[in-house]
$ cat input19.txt   # compact mmCIF, C-alpha atoms
# COMPACT_ATOMS: atom_id res chain seq x y z
CA MET A 1 -0.65 -24.55 -16.86
CA THR A 2 -3.67 -25.28 -14.69
CA PRO A 3 -3.87 -23.05 -11.58
CA SER A 4 -3.22 -24.97 -8.38
CA HIS A 5 -5.85 -23.14 -6.36
CA ALA A 6 -9.41 -24.37 -6.36
CA PRO A 7 -12.07 -22.40 -8.26
CA GLY A 8 -14.33 -20.19 -6.19
CA PRO A 9 -13.95 -16.87 -4.37
CA PRO A 10 -10.48 -15.36 -4.85
CA THR A 11 -7.81 -15.62 -2.17
CA ALA A 12 -5.21 -12.87 -2.16
CA VAL A 13 -1.57 -13.49 -1.30
CA VAL A 14 -0.62 -10.86 1.31
CA VAL A 15 3.06 -10.08 1.93
CA GLN A 16 3.46 -8.62 5.44
CA ASN A 17 6.92 -7.11 5.91
CA THR A 18 6.99 -6.22 9.64
CA THR A 19 5.40 -7.45 12.85
CA SER A 20 3.22 -4.35 13.18
CA GLY A 21 2.45 -3.96 9.47
CA GLY A 22 -0.54 -6.24 9.01
CA PRO A 23 -3.43 -5.76 6.58
CA GLY A 24 -5.56 -4.04 9.23
CA ARG A 25 -8.96 -2.81 8.15
CA VAL A 26 -8.13 -3.27 4.46
CA GLY A 27 -7.95 -6.99 5.23
CA THR A 28 -11.27 -6.83 7.07
CA TRP A 29 -12.96 -5.04 4.18
CA LEU A 30 -11.56 -7.49 1.64
CA VAL A 31 -12.84 -10.47 3.61
CA GLN A 32 -16.25 -8.81 4.00
CA ALA A 33 -16.30 -8.35 0.21
CA GLY A 34 -15.59 -12.04 -0.39
CA VAL A 35 -11.81 -12.07 -0.88
CA GLY A 36 -9.88 -14.54 1.26
CA LEU A 37 -6.45 -13.68 2.61
CA GLU A 38 -3.31 -15.77 2.79
CA VAL A 39 -1.13 -13.55 4.99
CA LEU A 40 2.55 -14.49 4.74
CA ARG A 41 5.18 -13.22 7.18
CA PRO A 42 8.56 -13.81 5.52
CA TYR A 43 10.39 -11.91 8.29
CA GLU A 44 9.45 -14.91 10.46
CA GLY A 45 10.81 -17.33 7.88
CA GLU A 46 7.61 -18.09 6.01
CA ALA A 47 8.31 -18.78 2.35
CA LEU A 48 6.64 -16.81 -0.40
CA PRO A 49 5.10 -18.83 -3.23
CA ARG A 50 7.07 -19.29 -6.43
CA THR A 51 3.98 -18.40 -8.43
CA LEU A 52 0.70 -16.62 -7.75
CA ASP A 53 -1.31 -19.04 -9.93
CA GLY A 54 -3.64 -16.17 -10.77
CA ARG A 55 -4.24 -15.07 -7.17
CA PRO A 56 -4.37 -11.33 -6.39
CA LEU A 57 -1.37 -9.83 -4.60
CA LEU A 58 -1.28 -7.36 -1.71
CA VAL A 59 2.15 -6.05 -0.62
CA LEU A 60 2.15 -4.10 2.64
CA GLY A 61 4.47 -1.49 4.12
CA GLY A 62 7.74 -1.71 6.01
CA GLY A 63 10.79 0.33 6.85
CA PHE A 64 12.83 -0.80 3.84
CA LEU A 65 13.58 0.33 0.34
CA PRO A 66 12.23 -1.97 -2.41
CA ASP A 67 15.73 -3.39 -3.01
CA ASP A 68 16.92 -3.47 0.61
CA ASP A 69 17.68 -7.17 0.16
CA GLU A 70 20.33 -7.43 2.88
CA ARG A 71 17.95 -6.29 5.62
CA ALA A 72 14.88 -7.94 4.08
CA PRO A 73 16.08 -11.01 2.15
CA TRP A 74 12.54 -11.90 1.00
CA LEU A 75 12.30 -8.78 -1.18
CA PRO A 76 13.70 -10.47 -4.34
CA ALA A 77 10.92 -13.06 -4.13
CA THR A 78 8.38 -10.27 -3.57
CA ARG A 79 9.64 -8.41 -6.62
CA ARG A 80 9.34 -11.58 -8.69
CA LEU A 81 5.71 -11.97 -7.63
CA VAL A 82 4.96 -8.36 -8.54
CA ALA A 83 6.65 -8.79 -11.93
CA GLN A 84 4.68 -11.97 -12.52
CA ALA A 85 1.42 -10.23 -11.63
CA LEU A 86 2.18 -7.40 -14.04
CA ASP A 87 2.99 -9.87 -16.80
CA ASP A 88 -0.19 -11.87 -16.18
CA GLY A 89 -2.55 -8.95 -15.53
CA THR A 90 -3.22 -10.19 -12.00
CA PRO A 91 -4.62 -7.59 -9.56
CA VAL A 92 -2.02 -5.96 -7.32
CA LEU A 93 -2.35 -3.47 -4.47
CA GLY A 94 0.91 -2.11 -3.04
CA ILE A 95 0.80 0.00 0.12
CA CYS A 96 3.69 2.32 1.11
CA LEU A 97 6.73 0.04 0.64
CA GLY A 98 4.48 -2.14 -1.51
CA GLY A 99 3.63 0.82 -3.71
CA GLN A 100 7.27 1.80 -3.99
CA LEU A 101 8.17 -1.77 -4.90
CA LEU A 102 5.49 -1.84 -7.61
CA ALA A 103 6.82 1.42 -9.01
CA GLN A 104 10.40 0.15 -9.11
CA VAL A 105 9.56 -3.23 -10.63
CA ALA A 106 7.53 -1.52 -13.36
CA GLY A 107 10.40 0.81 -14.27
CA GLY A 108 10.02 3.78 -11.92
CA SER A 109 12.46 5.14 -9.32
CA VAL A 110 12.51 5.31 -5.52
CA ARG A 111 14.94 7.29 -3.35
CA ALA A 112 15.79 6.98 0.33
CA ARG A 113 15.00 9.93 2.59
CA HIS A 114 13.68 11.98 -0.28
CA GLY A 115 11.48 15.02 0.15
CA GLN A 116 9.70 15.85 3.39
CA PRO A 117 9.13 13.14 6.01
CA ALA A 118 5.39 12.38 6.22
CA PHE A 119 3.71 11.23 9.42
CA GLY A 120 0.06 11.33 10.38
CA THR A 121 -2.98 12.48 8.42
CA THR A 122 -2.45 13.93 4.96
CA GLN A 123 -4.99 15.37 2.55
CA ILE A 124 -4.62 13.34 -0.63
CA ARG A 125 -5.57 15.25 -3.78
CA LEU A 126 -7.09 13.15 -6.53
CA ARG A 127 -5.86 14.12 -9.97
CA PRO A 128 -8.07 14.35 -13.11
CA GLU A 129 -6.75 10.91 -14.15
CA ALA A 130 -8.57 9.43 -11.14
CA ALA A 131 -11.98 10.38 -12.55
CA ASP A 132 -12.22 7.13 -14.52
CA ASP A 133 -10.01 4.96 -12.31
CA PRO A 134 -11.79 1.76 -11.18
CA LEU A 135 -10.85 2.31 -7.52
CA LEU A 136 -10.66 6.08 -7.03
CA HIS A 137 -13.41 7.55 -9.20
CA GLY A 138 -15.97 9.70 -7.45
CA LEU A 139 -14.30 9.69 -4.03
CA GLY A 140 -13.94 13.47 -3.87
CA ALA A 141 -11.33 16.10 -4.69
CA THR A 142 -9.36 15.54 -1.47
CA VAL A 143 -9.49 12.61 0.94
CA PRO A 144 -7.63 11.99 4.22
CA ALA A 145 -5.16 9.16 4.76
CA ILE A 146 -2.46 8.28 7.28
CA GLU A 147 1.16 8.37 6.17
CA ARG A 148 4.40 7.17 7.69
CA HIS A 149 7.40 7.38 5.37
CA VAL A 150 10.69 9.13 4.70
CA ASP A 151 11.47 7.44 1.36
CA ALA A 152 9.55 8.36 -1.78
CA ILE A 153 8.85 7.51 -5.39
CA THR A 154 10.75 10.01 -7.52
CA GLU A 155 9.62 8.80 -10.94
CA LEU A 156 6.57 6.78 -11.91
CA PRO A 157 6.87 3.85 -14.31
CA PRO A 158 6.55 4.61 -18.02
CA GLY A 159 2.90 4.74 -19.00
CA ALA A 160 1.60 4.66 -15.41
CA ALA A 161 -1.59 6.58 -14.60
CA TRP A 162 -0.74 9.25 -12.03
CA LEU A 163 -3.81 9.30 -9.79
CA ALA A 164 -3.11 11.32 -6.63
CA SER A 165 -0.66 13.67 -4.96
CA SER A 166 -0.29 15.76 -1.81
CA ALA A 167 1.37 19.03 -0.87
CA SER A 168 4.56 17.30 0.29
CA CYS A 169 4.59 14.12 -1.82
CA PRO A 170 3.81 14.17 -5.56
CA HIS A 171 3.29 10.45 -6.11
CA GLN A 172 0.61 9.35 -3.66
CA ALA A 173 -1.26 6.92 -5.93
CA PHE A 174 -0.78 5.44 -9.38
CA ARG A 175 -1.88 2.55 -11.56
CA VAL A 176 0.23 0.35 -13.80
CA GLY A 177 -1.74 -1.22 -16.61
CA ALA A 178 -5.35 -2.07 -15.87
CA ARG A 179 -5.15 -3.86 -12.48
CA ALA A 180 -2.07 -2.87 -10.47
CA TRP A 181 -2.28 -0.01 -7.99
CA GLY A 182 0.31 1.54 -5.71
CA VAL A 183 -0.34 4.02 -2.88
CA GLN A 184 2.19 5.81 -0.69
CA PHE A 185 -0.22 6.20 2.24
CA HIS A 186 -1.80 3.63 4.58
CA PRO A 187 -5.52 3.03 3.95
CA GLU A 188 -5.32 0.08 6.34
CA ALA A 189 -4.17 2.17 9.33
CA GLU A 190 -6.68 3.26 11.96
CA ALA A 191 -6.22 6.52 13.83
CA GLU A 192 -5.60 4.63 17.07
CA ARG A 193 -2.43 3.12 15.65
CA ILE A 194 -0.73 6.52 15.91
CA ALA A 195 -1.06 6.40 19.69
CA GLY A 196 1.50 3.57 19.64
CA TRP A 197 4.09 5.34 17.52
CA ASP A 198 7.42 6.23 19.15
CA ARG A 199 6.97 9.71 20.65
CA GLU A 200 10.67 10.57 20.76
CA GLN A 201 11.32 9.39 17.22
CA LEU A 202 8.46 11.56 15.98
CA ALA A 203 9.77 14.54 17.93
CA ARG A 204 13.16 14.20 16.24
CA GLN A 205 11.34 14.50 12.91
CA GLY A 206 9.49 17.59 14.15
CA PHE A 207 6.13 15.95 14.89
CA ASP A 208 4.02 15.84 18.05
CA ARG A 209 2.38 12.46 18.53
CA ASP A 210 -0.63 13.77 20.45
CA ARG A 211 -1.41 16.26 17.70
CA LEU A 212 -1.02 13.63 14.99
CA HIS A 213 -3.35 11.31 16.90
CA ALA A 214 -5.98 14.01 17.40
CA GLU A 215 -5.90 14.96 13.72
CA ALA A 216 -6.31 11.33 12.68
CA VAL A 217 -9.23 10.80 15.06
CA ALA A 218 -10.95 13.87 13.61
CA ALA A 219 -10.49 12.53 10.07
CA GLU A 220 -11.37 8.91 10.87
CA ASP A 221 -14.95 8.87 9.63
CA ALA A 222 -13.99 10.40 6.29
CA ALA A 223 -11.06 8.00 5.97
CA VAL A 224 -13.22 4.95 6.65
CA SER A 225 -15.87 6.17 4.20
CA THR A 226 -13.26 6.64 1.47
CA TRP A 227 -10.93 3.68 1.87
CA SER A 228 -13.65 1.10 2.51
CA VAL A 229 -15.11 1.95 -0.90
CA PHE A 230 -11.63 1.88 -2.48
CA THR A 231 -10.94 -1.55 -0.96
CA ARG A 232 -14.29 -3.05 -1.93
CA ARG A 233 -13.73 -1.88 -5.49
CA PHE A 234 -10.39 -3.67 -5.47
CA ALA A 235 -12.22 -6.77 -4.26
CA GLN A 236 -14.56 -6.44 -7.24
CA VAL A 237 -11.55 -6.32 -9.57
CA CYS A 238 -10.26 -9.49 -7.90
CA ALA A 239 -13.63 -11.22 -8.25
CA ARG A 240 -13.60 -10.66 -12.01
CA LEU A 241 -10.57 -12.88 -12.45
CA PRO A 242 -11.13 -15.63 -15.03
$ encode --input "input19.txt" --output "structure tokens"
Amino acid sequence: MTPSHAPGPPTAVVVQNTTSGGPGRVGTWLVQAGVGLEVLRPYEGEALPRTLDGRPLLVLGGGFLPDDDERAPWLPATRRLVAQALDDGTPVLGICLGGQLLAQVAGGSVRARHGQPAFGTTQIRLRPEAADDPLLHGLGATVPAIERHVDAITELPPGAAWLASSASCPHQAFRVGARAWGVQFHPEAEAERIAGWDREQLARQGFDRDRLHAEAVAAEDAAVSTWSVFTRRFAQVCARLP
């Protein structure tokens, strides 16, 4: 079958799952690196494509489980796109919910409200397997990233490369096959976003918003340095598509 998209720089299909969960600076870095974005908002009724036609796929976060189809009726179509990308070897980047969805589609497990709730800046520890990973190699032993989740991956897919962990969450980053990555954290989130989080909701979880914001601001330069490189490397993977 001949791809329907025109040859030239790649354009990634981006599945945005909530009004506030856009691609953020990851989207900016991808565009700067020559990857176009087709951002789809299915919660507003926008239809997801039936096929990727070889386009890269970026699945963003959201307050759902990967199979929470009643609350998010576009998730079956999202899972089909992820499965198609895995079958075709198309580049995938799944962030938070997107990473959990990638894990589940590939044969792993995700549980609701599992482990410790994670909000704010976390030190992500890169595992030895990351040393030769196309996106994570050479980024340092520990790198900061913003998290916001209560659900977690409990088992990685068979054969997945386990790339990163943290003190409270074992499965922070992984790769399925050669070109599909999932992360539990939010490389796209700027420190300033935390200032808009619900203060009372955080307090019920045992977190102080002002402290989380201050910690994220202090780690912002290191986060930008790390995740801009990570994102541009993903863009390079996308650019090598046939």
$ closest_residue --input "input19.txt" --among "A:Ala72, A:Gly22, A:Pro10, A:Ala222" --to "Gly140 of chain A" --atoms "only C-alpha atoms"
A:Ala222
$ closest_atom_pairs --input "input19.txt" --of "segment 137-238 of chain A" --to "segment 28-48 of chain A" --cutoff "7 Å" --atoms "all atoms listed in the file" --output "CSV"
residue,atom,partner,partner_atom,distance
A:Ser228,CA,A:Trp29,CA,6.4
A:Thr231,CA,A:Leu30,CA,6.5
A:Arg232,CA,A:Ala33,CA,6.1
A:Ala235,CA,A:Leu30,CA,6.0
$ write_last_selection --input "input19.txt" --atoms "C-alpha atoms" --output "compact mmCIF listing (two decimals), keeping the file's coordinate frame"
# COMPACT_ATOMS: atom_id res chain seq x y z
CA SER A 228 -13.65 1.10 2.51
CA THR A 231 -10.94 -1.55 -0.96
CA ARG A 232 -14.29 -3.05 -1.93
CA ALA A 235 -12.22 -6.77 -4.26
$ residues_around --input "input19.txt" --residues "Ala118 of chain A" --least-positions-apart "3" --cutoff "8 Å" --atoms "all atoms listed in the file" --output "list of chain:residue names"
A:Glu147, A:Arg148, A:His149, A:Val150, A:Ser168
$ closest_residue --input "input19.txt" --among "A:Leu65, A:Ala145, A:Leu93, A:Leu75" --to "Ser109 of chain A" --atoms "only C-alpha atoms"
A:Leu65
$ closest_residue --input "input19.txt" --among "A:Phe185, A:Phe174, A:Trp74, A:Phe234" --to "Ala130 of chain A" --atoms "only C-alpha atoms"
A:Phe174
$ axis_aligned_box --input "input19.txt" --around "segment 178-182 of chain A" --padding-each-side "6 Å" --output "lines of an AutoDock Vina configuration file"
center_x = -2.5
center_y = -1.2
center_z = -10.8
size_x = 17.7
size_y = 17.4
size_z = 22.2
$ atom_distance --input "input19.txt" --atom1 "atom CA of Pro23 of chain A" --atom2 "atom CA of Arg79 of chain A"
18.8 Å
$ closest_residue --input "input19.txt" --among "A:Gly182, A:Leu135, A:His213, A:Arg111" --to "Leu58 of chain A" --atoms "all atoms listed in the file"
A:Gly182
$ atom_distance --input "input19.txt" --atom1 "atom CA of Val110 of chain A" --atom2 "atom CA of Ile95 of chain A"
14.0 Å
$ atom_distance --input "input19.txt" --atom1 "atom CA of Thr154 of chain A" --atom2 "atom CA of Phe230 of chain A"
24.3 Å
$ residues_around --input "input19.txt" --residues "Arg211 of chain A" --least-positions-apart "5" --cutoff "12 Å" --atoms "all atoms listed in the file" --output "NGL selection string"
:A and (119-121 or 191 or 194-195 or 199 or 202-203 or 206 or 216-218)
